[in-house]
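**Student:** mmCIF, C-alpha atoms, file my_file.cif:
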```cif
data_run
loop_
_atom_site.label_atom_id
_atom_site.label_comp_id
_atom_site.auth_asym_id
_atom_site.auth_seq_id
_atom_site.Cartn_x
_atom_site.Cartn_y
_atom_site.Cartn_z
CA MET A 682 -26.14 -22.18 4.36
CA GLN A 683 -27.35 -20.42 1.23
CA SER A 684 -25.38 -20.88 -1.96
CA ARG A 685 -23.10 -18.11 -3.14
CA ARG A 686 -25.20 -17.78 -6.30
CA THR A 687 -28.27 -17.14 -4.14
CA PHE A 688 -26.26 -14.74 -1.98
CA LEU A 689 -25.23 -12.64 -4.98
CA LYS A 690 -28.78 -12.56 -6.30
CA ASN A 691 -30.31 -11.50 -3.00
CA SER A 692 -27.51 -9.49 -1.41
CA ALA A 693 -29.04 -6.07 -2.01
CA VAL A 694 -32.38 -7.19 -0.58
CA ALA A 695 -30.71 -8.88 2.37
CA LEU A 696 -28.66 -5.80 3.18
CA ALA A 697 -31.68 -3.53 2.97
CA GLY A 698 -33.42 -5.65 5.59
CA ALA A 699 -30.40 -6.31 7.80
CA THR A 700 -30.06 -5.01 11.30
CA ILE A 701 -26.60 -3.51 11.70
CA ILE A 702 -25.61 -2.77 15.27
CA PRO A 703 -24.74 0.93 15.50
CA ALA A 704 -21.05 1.56 16.13
CA ALA A 705 -21.85 3.71 19.17
CA ALA A 706 -23.18 0.58 20.93
CA PHE A 707 -19.60 -0.49 21.63
CA GLY A 708 -17.92 0.69 24.81
CA ALA A 709 -14.76 2.75 24.55
CA ASN A 710 -12.61 -0.10 25.89
CA GLU A 711 -14.55 -3.01 24.42
CA ARG A 712 -12.69 -5.20 21.96
CA LEU A 713 -13.96 -5.57 18.40
CA ASN A 714 -14.11 -8.94 16.64
CA ILE A 715 -12.14 -8.62 13.40
CA ALA A 716 -11.73 -11.18 10.60
CA PHE A 717 -8.85 -11.08 8.14
CA ILE A 718 -8.86 -11.79 4.41
CA GLY A 719 -5.18 -12.38 3.81
CA ALA A 720 -2.98 -13.82 6.56
CA GLY A 721 0.42 -13.73 4.83
CA GLY A 722 2.51 -10.97 3.30
CA ARG A 723 1.35 -7.59 4.58
CA ALA A 724 -0.82 -9.27 7.22
CA THR A 725 2.19 -11.06 8.72
CA ARG A 726 3.76 -7.71 9.56
CA LEU A 727 0.49 -6.45 11.03
CA PHE A 728 0.20 -9.50 13.26
CA THR A 729 3.77 -9.28 14.53
CA HIS A 730 3.87 -5.48 14.96
CA GLN A 731 0.87 -3.15 14.78
CA LEU A 732 -1.97 -5.49 15.72
CA LYS A 733 -0.39 -8.08 18.00
CA ASN A 734 -1.95 -7.81 21.48
CA HIS A 735 -3.92 -4.78 20.35
CA PRO A 736 -6.24 -3.69 23.18
CA LEU A 737 -9.19 -2.97 20.86
CA LEU A 738 -9.10 -6.09 18.70
CA ASN A 739 -9.96 -9.78 18.87
CA MET A 740 -8.90 -11.93 15.91
CA VAL A 741 -11.93 -13.98 14.88
CA ALA A 742 -10.71 -15.88 11.81
CA PHE A 743 -8.16 -15.90 8.99
CA ALA A 744 -8.75 -16.61 5.30
CA ASP A 745 -5.78 -17.15 3.02
CA VAL A 746 -5.31 -19.13 -0.20
CA ASP A 747 -1.58 -19.76 0.39
CA ASP A 748 -0.60 -21.94 3.35
CA VAL A 749 3.11 -21.15 2.97
CA SER A 750 2.67 -17.38 2.89
CA ALA A 751 0.34 -17.52 5.89
CA ALA A 752 2.45 -19.99 7.87
CA THR A 753 4.00 -17.41 10.23
CA SER A 754 0.60 -15.96 11.11
CA TYR A 755 -0.87 -19.41 11.65
CA LYS A 756 2.02 -20.33 13.94
CA THR A 757 1.76 -17.05 15.88
CA PHE A 758 -1.98 -17.47 16.41
CA PRO A 759 -2.63 -21.24 16.37
CA ASP A 760 -6.08 -20.94 17.95
CA VAL A 761 -7.56 -18.60 15.34
CA PRO A 762 -9.75 -20.53 12.86
CA ARG A 763 -8.36 -20.55 9.33
CA TYR A 764 -9.97 -20.92 5.91
CA ARG A 765 -8.96 -20.98 2.27
CA ASP A 766 -12.10 -19.30 0.94
CA PHE A 767 -12.98 -16.00 2.62
CA ARG A 768 -16.65 -16.50 1.74
CA GLU A 769 -16.77 -19.67 3.81
CA MET A 770 -15.15 -17.80 6.70
CA LEU A 771 -17.77 -15.07 6.53
CA ASP A 772 -20.60 -17.60 6.34
CA LYS A 773 -19.42 -19.45 9.44
CA HIS A 774 -18.53 -16.43 11.58
CA GLU A 775 -21.03 -13.86 10.32
CA ARG A 776 -22.63 -13.26 13.72
CA GLN A 777 -19.25 -12.78 15.44
CA ILE A 778 -17.63 -10.37 12.98
CA ASP A 779 -17.66 -6.61 13.68
CA GLY A 780 -15.33 -5.72 10.81
CA VAL A 781 -12.94 -7.16 8.22
CA ILE A 782 -9.35 -6.22 7.35
CA ILE A 783 -8.33 -7.12 3.77
CA THR A 784 -4.63 -7.38 2.87
CA THR A 785 -4.75 -9.24 -0.45
CA PRO A 786 -3.38 -8.36 -3.92
CA ASP A 787 -5.07 -5.49 -5.74
CA HIS A 788 -7.02 -7.55 -8.27
CA GLY A 789 -9.15 -9.12 -5.52
CA HIS A 790 -9.89 -5.98 -3.51
CA HIS A 791 -13.21 -4.99 -5.02
CA TYR A 792 -14.74 -8.46 -5.03
CA GLN A 793 -13.73 -9.19 -1.45
CA ALA A 794 -14.68 -5.79 -0.03
CA LYS A 795 -18.04 -5.74 -1.83
CA TRP A 796 -18.88 -9.21 -0.55
CA CYS A 797 -18.17 -8.08 3.02
CA MET A 798 -20.15 -4.86 2.61
CA ASN A 799 -23.09 -6.76 1.16
CA MET A 800 -23.14 -8.68 4.45
CA GLY A 801 -23.16 -5.41 6.40
CA LYS A 802 -19.52 -5.69 7.49
CA PRO A 803 -17.31 -2.58 7.76
CA VAL A 804 -14.03 -2.94 5.86
CA TYR A 805 -10.43 -1.81 6.26
CA LEU A 806 -8.99 -2.32 2.77
CA GLU A 807 -5.28 -1.97 2.08
CA LYS A 808 -4.27 0.47 -0.64
CA PRO A 809 -4.89 0.95 -3.46
CA LEU A 810 -8.62 0.72 -2.96
CA THR A 811 -9.12 -1.24 -6.18
CA ARG A 812 -7.32 -2.16 -9.38
CA THR A 813 -9.78 -0.36 -11.68
CA ILE A 814 -11.48 3.01 -11.82
CA GLN A 815 -15.00 1.56 -12.00
CA GLU A 816 -14.39 -0.74 -9.05
CA ALA A 817 -13.32 2.23 -6.94
CA GLU A 818 -16.43 4.15 -7.99
CA ASP A 819 -18.57 1.19 -7.00
CA LEU A 820 -17.09 0.85 -3.50
CA MET A 821 -17.48 4.60 -2.99
CA ALA A 822 -21.17 4.30 -3.90
CA MET A 823 -21.61 1.28 -1.65
CA GLU A 824 -20.12 3.19 1.27
CA ARG A 825 -22.53 6.08 0.70
CA GLU A 826 -25.53 3.79 0.43
CA THR A 827 -24.81 1.65 3.49
CA GLY A 828 -23.16 4.11 5.85
CA LEU A 829 -20.63 1.41 6.76
CA VAL A 830 -17.40 2.58 8.42
CA CYS A 831 -14.71 1.89 5.83
CA GLN A 832 -11.04 2.85 5.57
CA MET A 833 -8.36 2.59 2.88
CA GLY A 834 -5.02 1.52 4.31
CA ASN A 835 -2.73 4.40 3.39
CA GLN A 836 -1.47 4.67 6.94
CA GLY A 837 0.32 8.00 6.52
CA HIS A 838 -3.09 9.63 6.24
CA SER A 839 -3.47 9.35 10.01
CA SER A 840 -0.04 10.84 10.67
CA LYS A 841 0.81 14.10 12.37
CA GLY A 842 2.69 15.13 9.23
CA LEU A 843 -0.44 15.24 7.10
CA GLN A 844 -2.22 17.31 9.75
CA GLU A 845 0.72 19.72 9.94
CA LEU A 846 0.85 20.27 6.18
CA ASN A 847 -2.90 20.81 6.09
CA ALA A 848 -2.63 23.43 8.85
CA TRP A 849 0.31 25.21 7.20
CA ILE A 850 -1.55 25.48 3.89
CA ARG A 851 -4.80 26.51 5.58
CA HIS A 852 -3.03 29.30 7.51
CA GLY A 853 -1.29 30.60 4.37
CA ILE A 854 2.23 29.74 5.55
CA LEU A 855 3.22 28.55 2.07
CA GLY A 856 1.35 31.23 0.13
CA GLU A 857 -0.04 30.19 -3.25
CA ILE A 858 0.86 26.60 -4.10
CA LEU A 859 2.78 26.76 -7.38
CA GLU A 860 3.46 23.06 -8.00
CA CYS A 861 3.76 19.70 -6.26
CA GLN A 862 6.10 16.76 -6.76
CA ALA A 863 5.99 13.18 -5.49
CA PHE A 864 8.62 10.55 -6.13
CA VAL A 865 9.81 7.04 -5.33
CA THR A 866 12.90 5.17 -6.51
CA MET A 867 12.15 1.69 -5.15
CA ASP A 868 13.37 -0.69 -7.81
CA TYR A 869 11.32 -3.88 -7.41
CA TYR A 870 8.93 -3.10 -10.28
CA ASN A 871 10.95 -4.54 -13.16
CA PRO A 872 9.63 -7.94 -14.34
CA ALA A 873 10.00 -9.60 -17.72
CA LYS A 874 8.52 -8.11 -20.88
CA LYS A 875 5.99 -10.92 -21.28
CA LEU A 876 3.92 -13.12 -19.02
CA LEU A 877 5.71 -16.25 -17.89
CA PRO A 878 5.23 -19.92 -18.84
CA GLU A 879 3.03 -22.20 -16.77
CA GLU A 880 4.50 -24.20 -13.91
CA PRO A 881 2.84 -26.74 -11.60
CA VAL A 882 0.73 -25.21 -8.85
CA PRO A 883 1.98 -26.23 -5.40
CA GLY A 884 -0.47 -28.12 -3.23
CA THR A 885 -0.20 -25.40 -0.60
CA LEU A 886 -1.82 -22.81 -2.92
CA ASP A 887 -5.34 -22.51 -4.34
CA TRP A 888 -4.50 -20.73 -7.59
CA ASP A 889 -8.14 -20.43 -8.68
CA LEU A 890 -9.04 -18.57 -5.48
CA TRP A 891 -5.90 -16.45 -5.73
CA LEU A 892 -6.92 -15.31 -9.22
CA GLY A 893 -10.48 -14.64 -8.09
CA PRO A 894 -12.40 -12.66 -10.73
CA GLN A 895 -9.28 -11.92 -12.82
CA LYS A 896 -8.99 -13.67 -16.19
CA PHE A 897 -7.25 -17.03 -16.07
CA ILE A 898 -3.47 -16.79 -16.25
CA PRO A 899 -1.39 -19.95 -15.82
CA TYR A 900 0.48 -20.15 -12.51
CA ASN A 901 4.11 -19.12 -12.27
CA PRO A 902 5.91 -18.66 -8.92
CA ALA A 903 7.10 -15.21 -10.08
CA TYR A 904 3.54 -13.93 -9.63
CA CYS A 905 3.00 -14.77 -5.99
CA PRO A 906 3.19 -14.56 -3.10
CA ARG A 907 5.41 -11.46 -2.98
CA THR A 908 5.97 -10.16 -6.51
CA TRP A 909 2.41 -9.82 -7.85
CA ARG A 910 2.52 -6.01 -7.65
CA LYS A 911 4.94 -5.86 -10.58
CA TRP A 912 2.52 -7.45 -13.01
CA PHE A 913 -0.22 -5.59 -14.87
CA PRO A 914 -2.99 -8.20 -14.34
CA PHE A 915 -2.57 -8.14 -10.55
CA GLY A 916 -1.09 -4.84 -9.35
CA GLY A 917 -0.32 -1.27 -10.27
CA GLY A 918 3.48 -1.09 -10.17
CA ALA A 919 5.23 1.79 -8.45
CA LEU A 920 2.48 4.31 -9.18
CA GLY A 921 -0.41 2.13 -8.03
CA ASP A 922 1.48 1.38 -4.84
CA TRP A 923 3.10 4.67 -3.84
CA VAL A 924 0.69 7.31 -5.15
CA ASN A 925 -1.37 6.53 -2.05
CA HIS A 926 1.55 7.44 0.21
CA ASN A 927 3.58 10.14 -1.49
CA MET A 928 0.87 12.11 -3.29
CA ASP A 929 -1.52 11.79 -0.37
CA ALA A 930 -0.71 14.81 1.82
CA PRO A 931 -0.92 17.62 -0.79
CA TYR A 932 -3.73 15.83 -2.66
CA TYR A 933 -5.77 15.93 0.54
CA ALA A 934 -4.73 19.37 1.77
CA LEU A 935 -5.51 21.00 -1.59
CA GLY A 936 -8.82 19.15 -2.08
CA LEU A 937 -7.75 17.59 -5.39
CA ASP A 938 -9.95 15.14 -7.26
CA CYS A 939 -9.75 13.89 -10.84
CA PRO A 940 -7.05 15.28 -13.18
CA SER A 941 -8.02 16.93 -16.46
CA LYS A 942 -4.80 16.02 -18.26
CA ILE A 943 -1.98 13.49 -17.93
CA GLU A 944 1.32 13.72 -19.84
CA ILE A 945 3.98 11.03 -19.60
CA GLU A 946 7.63 10.30 -20.28
CA SER A 947 8.96 6.83 -19.56
CA THR A 948 11.53 4.15 -20.29
CA GLY A 949 8.87 2.38 -22.35
CA PRO A 950 5.63 0.44 -21.88
CA LYS A 951 5.24 -3.29 -21.34
CA LYS A 952 1.66 -3.27 -22.56
CA GLY A 953 -0.62 -5.60 -20.67
CA VAL A 954 2.33 -7.18 -18.87
CA ALA A 955 3.99 -4.69 -16.54
CA PHE A 956 4.84 -1.02 -16.11
CA PRO A 957 7.79 1.14 -17.20
CA ASP A 958 10.92 0.79 -15.10
CA SER A 959 11.04 4.57 -14.71
CA ALA A 960 8.68 7.39 -15.61
CA LYS A 961 7.68 11.02 -15.19
CA ILE A 962 3.98 11.87 -15.13
CA THR A 963 2.64 15.42 -15.26
CA TYR A 964 -0.83 15.63 -13.75
CA THR A 965 -2.94 18.73 -14.37
CA PHE A 966 -5.56 19.28 -11.66
CA PRO A 967 -8.30 21.92 -11.77
CA LEU A 968 -8.31 23.77 -8.44
CA LYS A 969 -11.94 23.90 -7.36
CA ASN A 970 -11.77 27.17 -5.45
CA GLU A 971 -9.38 28.99 -7.78
CA ASN A 972 -9.58 29.85 -11.44
CA ARG A 973 -6.42 27.99 -12.35
CA ASP A 974 -4.80 24.57 -12.74
CA LEU A 975 -2.08 22.95 -10.65
CA LYS A 976 0.76 20.85 -12.04
CA PHE A 977 1.57 17.81 -9.90
CA TYR A 978 4.66 15.89 -11.06
CA TRP A 979 5.15 12.20 -10.33
CA TYR A 980 8.60 10.58 -10.68
CA GLN A 981 9.37 6.88 -10.35
CA GLY A 982 12.52 4.81 -10.77
CA GLU A 983 16.13 5.76 -11.38
CA THR A 984 15.94 7.36 -14.83
CA TYR A 985 13.32 9.98 -14.04
CA LYS A 986 14.02 11.89 -10.84
CA PRO A 987 12.87 15.36 -9.81
CA PRO A 988 15.31 18.18 -10.58
CA VAL A 989 17.30 19.59 -7.68
CA GLN A 990 15.57 22.70 -6.37
CA GLY A 991 18.05 25.49 -5.58
CA ASP A 992 19.36 25.35 -2.02
CA PHE A 993 16.79 22.85 -0.72
CA ASP A 994 19.50 21.20 1.34
CA PRO A 995 17.92 17.87 2.39
CA PHE A 996 16.18 17.41 -0.98
CA THR A 997 18.74 15.06 -2.54
CA GLU A 998 18.72 12.81 0.52
CA VAL A 999 14.95 12.33 0.34
CA VAL A 1000 14.95 11.89 -3.45
CA ASN A 1001 17.56 9.13 -3.22
CA SER A 1002 15.71 7.29 -0.48
CA ILE A 1003 14.05 4.20 -1.96
CA TYR A 1004 10.79 5.30 -0.34
CA GLY A 1005 10.92 8.80 -1.82
CA GLY A 1006 8.77 11.64 -0.60
CA THR A 1007 6.90 14.82 -1.51
CA LEU A 1008 7.76 18.43 -2.34
CA ILE A 1009 5.22 21.26 -2.20
CA ILE A 1010 6.46 24.55 -3.69
CA GLY A 1011 4.70 27.71 -2.55
CA SER A 1012 5.09 31.40 -3.30
CA LYS A 1013 6.15 32.11 0.32
CA ALA A 1014 7.74 28.83 1.40
CA SER A 1015 8.22 25.25 0.28
CA VAL A 1016 7.82 22.01 2.22
CA LEU A 1017 9.67 18.71 1.89
CA MET A 1018 8.15 15.53 3.32
CA ASN A 1019 9.39 11.97 3.66
CA SER A 1020 7.23 9.12 2.41
CA HIS A 1021 3.86 8.43 4.05
CA ALA A 1022 3.34 12.15 4.77
CA GLY A 1023 6.29 12.01 7.12
CA THR A 1024 8.09 14.85 8.90
CA PRO A 1025 7.18 17.99 6.93
CA ARG A 1026 9.74 20.79 7.15
CA ILE A 1027 10.25 24.13 5.48
CA ILE A 1028 13.27 24.07 3.22
CA PRO A 1029 16.02 25.11 3.29
CA GLU A 1030 16.54 24.23 6.96
CA LYS A 1031 17.68 27.76 7.75
CA LYS A 1032 14.27 29.07 6.71
CA HIS A 1033 12.51 26.41 8.77
CA LEU A 1034 14.37 27.57 11.89
CA GLU A 1035 13.47 31.17 11.13
CA MET A 1036 9.77 30.33 10.70
CA ALA A 1037 9.46 27.71 13.44
CA SER A 1038 7.87 30.04 16.00
CA SER A 1039 5.18 31.15 13.52
CA LEU A 1040 4.11 27.65 12.41
CA PRO A 1041 0.65 26.72 13.73
CA GLU A 1042 0.51 24.05 16.42
CA VAL A 1043 -1.24 20.78 15.63
CA GLU A 1044 -2.90 18.75 18.37
CA TYR A 1045 -2.16 15.13 17.54
CA LYS A 1046 -3.93 12.28 19.32
CA GLU A 1047 -1.43 9.76 20.65
CA ARG A 1048 -2.28 6.15 19.92
CA TYR A 1049 -2.17 2.92 21.86
CA GLN A 1050 1.14 1.23 21.15
CA ARG A 1051 3.11 2.54 18.16
CA PRO A 1052 2.99 5.69 16.04
CA ASP A 1053 2.18 3.61 12.95
CA ASN A 1054 -0.85 2.14 14.72
CA GLY A 1055 -2.74 5.38 14.18
CA HIS A 1056 -4.60 4.41 11.01
CA TYR A 1057 -5.85 1.11 12.43
CA ASP A 1058 -6.73 2.72 15.76
CA ASN A 1059 -8.67 5.40 13.90
CA TRP A 1060 -10.74 2.78 12.05
CA LEU A 1061 -11.37 0.71 15.19
CA ASN A 1062 -12.46 3.81 17.10
CA ALA A 1063 -14.65 4.79 14.15
CA LEU A 1064 -16.37 1.40 14.42
CA LYS A 1065 -17.20 2.35 18.00
CA GLY A 1066 -18.59 5.70 16.87
CA LEU A 1067 -15.80 7.63 18.62
CA GLU A 1068 -14.15 9.08 15.48
CA LYS A 1069 -14.62 9.33 11.75
CA PRO A 1070 -12.38 7.26 9.46
CA ASN A 1071 -9.56 9.45 8.17
CA SER A 1072 -9.26 7.83 4.74
CA ASP A 1073 -12.75 6.55 3.97
CA PHE A 1074 -13.60 5.09 0.57
CA ALA A 1075 -14.94 8.46 -0.59
CA TYR A 1076 -11.41 9.82 -0.30
CA GLY A 1077 -9.37 6.67 -0.90
CA GLY A 1078 -11.30 5.95 -4.07
CA ARG A 1079 -10.43 9.35 -5.56
CA LEU A 1080 -6.74 8.93 -4.78
CA THR A 1081 -6.74 5.39 -6.20
CA GLN A 1082 -8.41 6.55 -9.42
CA CYS A 1083 -5.79 9.26 -9.80
CA GLY A 1084 -3.09 6.59 -9.81
CA GLN A 1085 -4.95 4.33 -12.19
CA PHE A 1086 -5.49 7.07 -14.78
CA GLY A 1087 -1.71 7.50 -14.71
CA ASN A 1088 -1.18 3.77 -15.12
CA ILE A 1089 -3.48 3.71 -18.16
CA ALA A 1090 -1.30 6.37 -19.78
CA LEU A 1091 1.88 4.44 -18.89
CA ASN A 1092 0.52 1.12 -20.12
CA LEU A 1093 -0.56 2.53 -23.50
CA ASP A 1094 2.31 5.05 -23.78
CA CYS A 1095 -0.03 7.98 -24.43
CA ASN A 1096 -1.12 11.30 -22.97
CA LEU A 1097 -4.69 11.62 -21.72
CA GLU A 1098 -7.36 14.29 -21.70
CA ILE A 1099 -10.02 13.59 -19.07
CA ASP A 1100 -13.38 15.04 -18.15
CA PRO A 1101 -12.65 15.63 -14.44
CA VAL A 1102 -16.33 15.69 -13.48
CA LYS A 1103 -17.48 12.55 -15.32
CA LYS A 1104 -14.04 10.88 -14.94
CA VAL A 1105 -14.09 9.86 -18.60
CA ILE A 1106 -11.09 9.74 -20.95
CA LEU A 1107 -11.85 11.97 -23.94
CA ASN A 1108 -9.02 11.66 -26.45
CA ASN A 1109 -8.23 7.95 -26.76
CA GLU A 1110 -10.78 5.16 -27.29
CA GLU A 1111 -8.33 2.41 -26.39
CA ALA A 1112 -7.51 4.14 -23.12
CA ALA A 1113 -11.20 4.76 -22.39
CA SER A 1114 -11.86 1.01 -22.68
CA SER A 1115 -8.72 -0.05 -20.79
CA GLU A 1116 -8.89 -2.98 -18.41
CA LEU A 1117 -7.88 -0.49 -15.71
CA VAL A 1118 -11.12 1.41 -16.32
CA GLY A 1119 -13.19 -1.76 -15.93
CA TYR A 1120 -13.29 -5.38 -17.05
CA GLN A 1121 -15.51 -8.46 -17.17
CA PRO A 1122 -14.69 -11.11 -14.54
CA ARG A 1123 -13.90 -14.60 -15.75
CA GLU A 1124 -16.58 -17.24 -16.00
CA GLY A 1125 -17.67 -18.61 -12.66
CA TRP A 1126 -16.93 -15.36 -10.84
CA GLY A 1127 -20.10 -13.35 -11.19
CA SER A 1128 -19.38 -9.65 -10.97
CA LEU A 1129 -20.49 -7.68 -7.93
CA LEU A 1130 -20.00 -4.49 -9.91
CA THR A 1131 -23.25 -2.56 -10.15
CA ILE A 1132 -22.26 0.35 -12.41
CA THR A 1133 -21.92 0.30 -16.19
#
```
Will you turn the file into structure tokens for me?

**Tutor:**
Amino acid sequence: MQSRRTFLKNSAVALAGATIIPAAAFGANERLNIAFIGAGGRATRLFTHQLKNHPLLNMVAFADVDDVSAATSYKTFPDVPRYRDFREMLDKHERQIDGVIITTPDHGHHYQAKWCMNMGKPVYLEKPLTRTIQEAEDLMAMERETGLVCQMGNQGHSSKGLQELNAWIRHGILGEILECQAFVTMDYYNPAKKLLPEEPVPGTLDWDLWLGPQKFIPYNPAYCPRTWRKWFPFGGGALGDWVNHNMDAPYYALGLDCPSKIEIESTGPKKGVAFPDSAKITYTFPLKNENRDLKFYWYQGETYKPPVQGDFDPFTEVVNSIYGGTLIIGSKASVLMNSHAGTPRIIPEKKHLEMASSLPEVEYKERYQRPDNGHYDNWLNALKGLEKPNSDFAYGGRLTQCGQFGNIALNLDCNLEIDPVKKVILNNEEAASSELVGYQPREGWGSLLTIT
């Protein structure tokens, strides 16, 4: 087995000469051999709900750095080989693996996905795509160069709701889109105002592997396994998490890309430690096919909530849901959606009933077991060459970057002006060099990042 140092040095050459079996070689009913990086947390739910006994999937191997977090998965599937280091798993099962599903904390996404892609393995990567803007750009480039079938795990993107909104906008049902709002009130993003003191690392956890390329931070049980998303070095807070669900549908339907301006209000930064408890972000997006800008408002937490909109009767109910939702205001009609692009409806309800017969029909492909299987089924079928991935890295990377530009503004408590073509911050040198733009990995974790 070649050393990892040799692998990193020769990966581009090896990939260029690799023979990747075309996806169309798989039969429609043939199972795919899938390995998992991350067997606890999010993966536990996948194994007990969406992916258990899935007719298209064989579980080849698990890699997880935390034996306690992964214990339920290991007990449920005792015959699946397990590893601490995902690189060892890939080395030993390379010839068996048709694709890899990654469900780890944000700070490891780029390194893990790039390693898999360098080995010619298609990747399903949970959202957000990456923790930094440059990492997202790099995975987008890698996808283009390799042609690998990749998917970001914002599962609402394969929902009927997103397709319905897209059709309504395309057919002019809403008229000119005047503004958009997305919001979430979930309150688990409120950690301390400073990083926490070191505590002994339990023997069931490999803390060095958990940190991966991130700078060394002493272990504290408040960071993992479940609460890492609160902390700046590991996650993206409410925005990094939920922008991929609640901004997704209008962002996609309107063909949005990089914002040109970001303006913030918040309950205050926790610079380099965490994110504001509550915030309002005003995104300005250039509309590519129109000579105008669109305001897209993001609200998070309890202090900053979207204003009540006239007689939009179910609006308050959705706003107060911990999962939030989306509002699209048009010149002819407005649409309210639950989280994850769920259940779009014209509001007020009276107007929806009046317009129901004129709304375009959407043909939605039913999936194998559960409605929320659709995103995984889409990726598995794409591996077979039967479909295209709905949220490939080309799209998921753009949406992720949108969230991270907002998090840079929140972290530094500043407004941003951005070149939307070059994706460069223009008005603030500190923001332009933020760790969320890009960073150097710690010693011993050679970077796989190829851009500068």

**Student:** Neighbours of A:Leu846 within 8 Å (only C-alpha atoms; same-chain residues fewer than 3 positions away dropped), as number ranges by chain?

**Tutor:** A: 842-843, 849-850, 930-931, 934, 1025

**Student:** Got a sec to check which residues sit within 9 Å of (2.6, -11.3, -16.9), counting only C-alpha atoms, and write them as number ranges by chain?

**Tutor:** A: 872-877, 898, 904, 911-915, 953-955

**Student:** Keeping only C-alpha atoms, write the selected residues as an mmCIF file, in the frame of the given file.

**Tutor:**
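See out.cif below for the written result:
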```cif
data_model
loop_
_atom_site.group_PDB
_atom_site.id
_atom_site.type_symbol
_atom_site.label_atom_id
_atom_site.label_comp_id
_atom_site.auth_asym_id
_atom_site.auth_seq_id
_atom_site.Cartn_x
_atom_site.Cartn_y
_atom_site.Cartn_z
ATOM 1 C CA PRO A 872 9.630 -7.940 -14.340
ATOM 2 C CA ALA A 873 10.000 -9.600 -17.720
ATOM 3 C CA LYS A 874 8.520 -8.110 -20.880
ATOM 4 C CA LYS A 875 5.990 -10.920 -21.280
ATOM 5 C CA LEU A 876 3.920 -13.120 -19.020
ATOM 6 C CA LEU A 877 5.710 -16.250 -17.890
ATOM 7 C CA ILE A 898 -3.470 -16.790 -16.250
ATOM 8 C CA TYR A 904 3.540 -13.930 -9.630
ATOM 9 C CA LYS A 911 4.940 -5.860 -10.580
ATOM 10 C CA TRP A 912 2.520 -7.450 -13.010
ATOM 11 C CA PHE A 913 -0.220 -5.590 -14.870
ATOM 12 C CA PRO A 914 -2.990 -8.200 -14.340
ATOM 13 C CA PHE A 915 -2.570 -8.140 -10.550
ATOM 14 C CA GLY A 953 -0.620 -5.600 -20.670
ATOM 15 C CA VAL A 954 2.330 -7.180 -18.870
ATOM 16 C CA ALA A 955 3.990 -4.690 -16.540
#
```

**Student:** Within 10 Å of stretch 760-773 of chain A, counting only C-alpha atoms, which residues qualify if same-chain residues fewer than 4 places away don't, as JSON, numbers by chain?

**Tutor:** {"A": [682, 683, 685, 716, 717, 718, 719, 720, 739, 740, 741, 742, 743, 744, 745, 746, 747, 748, 751, 754, 755, 756, 777, 778, 781, 793, 796, 797, 800, 802, 886, 887, 890, 891]}

**Student:** So what do you get for atom CA of A:Leu855 versus atom CA of A:Leu1040, distance-wise?

**Tutor:**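 Taking atom CA of A:Leu855 as the start and atom CA of A:Leu1040 as the end point, the length is 10.4 Å.
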
**Student:** Since I can't run it myself right now, could you work out what the PyMOL selection byres ((chain A and resi 812) around 12) selects here and report it as a PyMOL selection string?

**Tutor:** chain A and resi 785-792+807-811+813-820+894-895+910+912-918+920-922+1078+1081-1086+1088-1089+1115-1120

**Student:** Any chance you could work out the residue set of the PyMOL selection byres ((chain A and resi 944) around 12) here, as a ChimeraX atom specification?

**Tutor:** /A:940-943,945-947,960-965,976-979,1086-1091,1093-1099

**Student:** Can you find the residues with an atom no farther than 7 Å from (-22.5, -1.0, 2.8), counting only C-alpha atoms, and report them as a ChimeraX atom specification?

**Tutor:** /A:798-799,801,823-824,826-829

**Student:** Given the choices A:Leu737, A:Ile1003, A:Leu892, A:Leu935, which gets closest to A:Arg851 if the distance is worked out from all atoms listed in the file?

**Tutor:**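 For A:Arg851, the nearest of the candidates is A:Leu935.
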
**Student:** Just the number, please: distance in Å from atom CA of A:Leu1080 to atom CA of A:Glu998, one decimal.

**Tutor:**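 Answer for the atom CA of A:Leu1080 to atom CA of A:Glu998 separation: 26.3 Å.
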
**Student:** Using all atoms listed in the file, which residue out of A:Asp889, A:Glu775, A:Glu983, A:Glu1042 lies closest to A:Val865?

**Tutor:** A:Glu983

**Student:** From the options A:Asn1092, A:Asn1071, A:Asn714, A:Gln844, which residue's atoms come nearest to A:Pro1041, counting only C-alpha atoms?

**Tutor:** A:Gln844

**Student:** Nearest to A:Ser1020 among A:Pro736, A:Gly837, A:Gly936, A:Pro759, with distances taken over all atoms listed in the file: which residue is it?

**Tutor:**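 Nearest to A:Ser1020: A:Gly837.
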
**Student:** Just say which residues the PyMOL selection byres ((chain A and resi 830) around 8) picks in this file, as an mmCIF file with C-alpha atoms, keeping the file's coordinate frame.

**Tutor:**
```cif
data_model
loop_
_atom_site.group_PDB
_atom_site.id
_atom_site.type_symbol
_atom_site.label_atom_id
_atom_site.label_comp_id
_atom_site.auth_asym_id
_atom_site.auth_seq_id
_atom_site.Cartn_x
_atom_site.Cartn_y
_atom_site.Cartn_z
ATOM 1 C CA PRO A 803 -17.310 -2.580 7.760
ATOM 2 C CA VAL A 804 -14.030 -2.940 5.860
ATOM 3 C CA GLU A 824 -20.120 3.190 1.270
ATOM 4 C CA GLY A 828 -23.160 4.110 5.850
ATOM 5 C CA LEU A 829 -20.630 1.410 6.760
ATOM 6 C CA CYS A 831 -14.710 1.890 5.830
ATOM 7 C CA GLN A 832 -11.040 2.850 5.570
ATOM 8 C CA TRP A 1060 -10.740 2.780 12.050
ATOM 9 C CA ALA A 1063 -14.650 4.790 14.150
ATOM 10 C CA LEU A 1064 -16.370 1.400 14.420
ATOM 11 C CA PRO A 1070 -12.380 7.260 9.460
ATOM 12 C CA ASP A 1073 -12.750 6.550 3.970
#
```
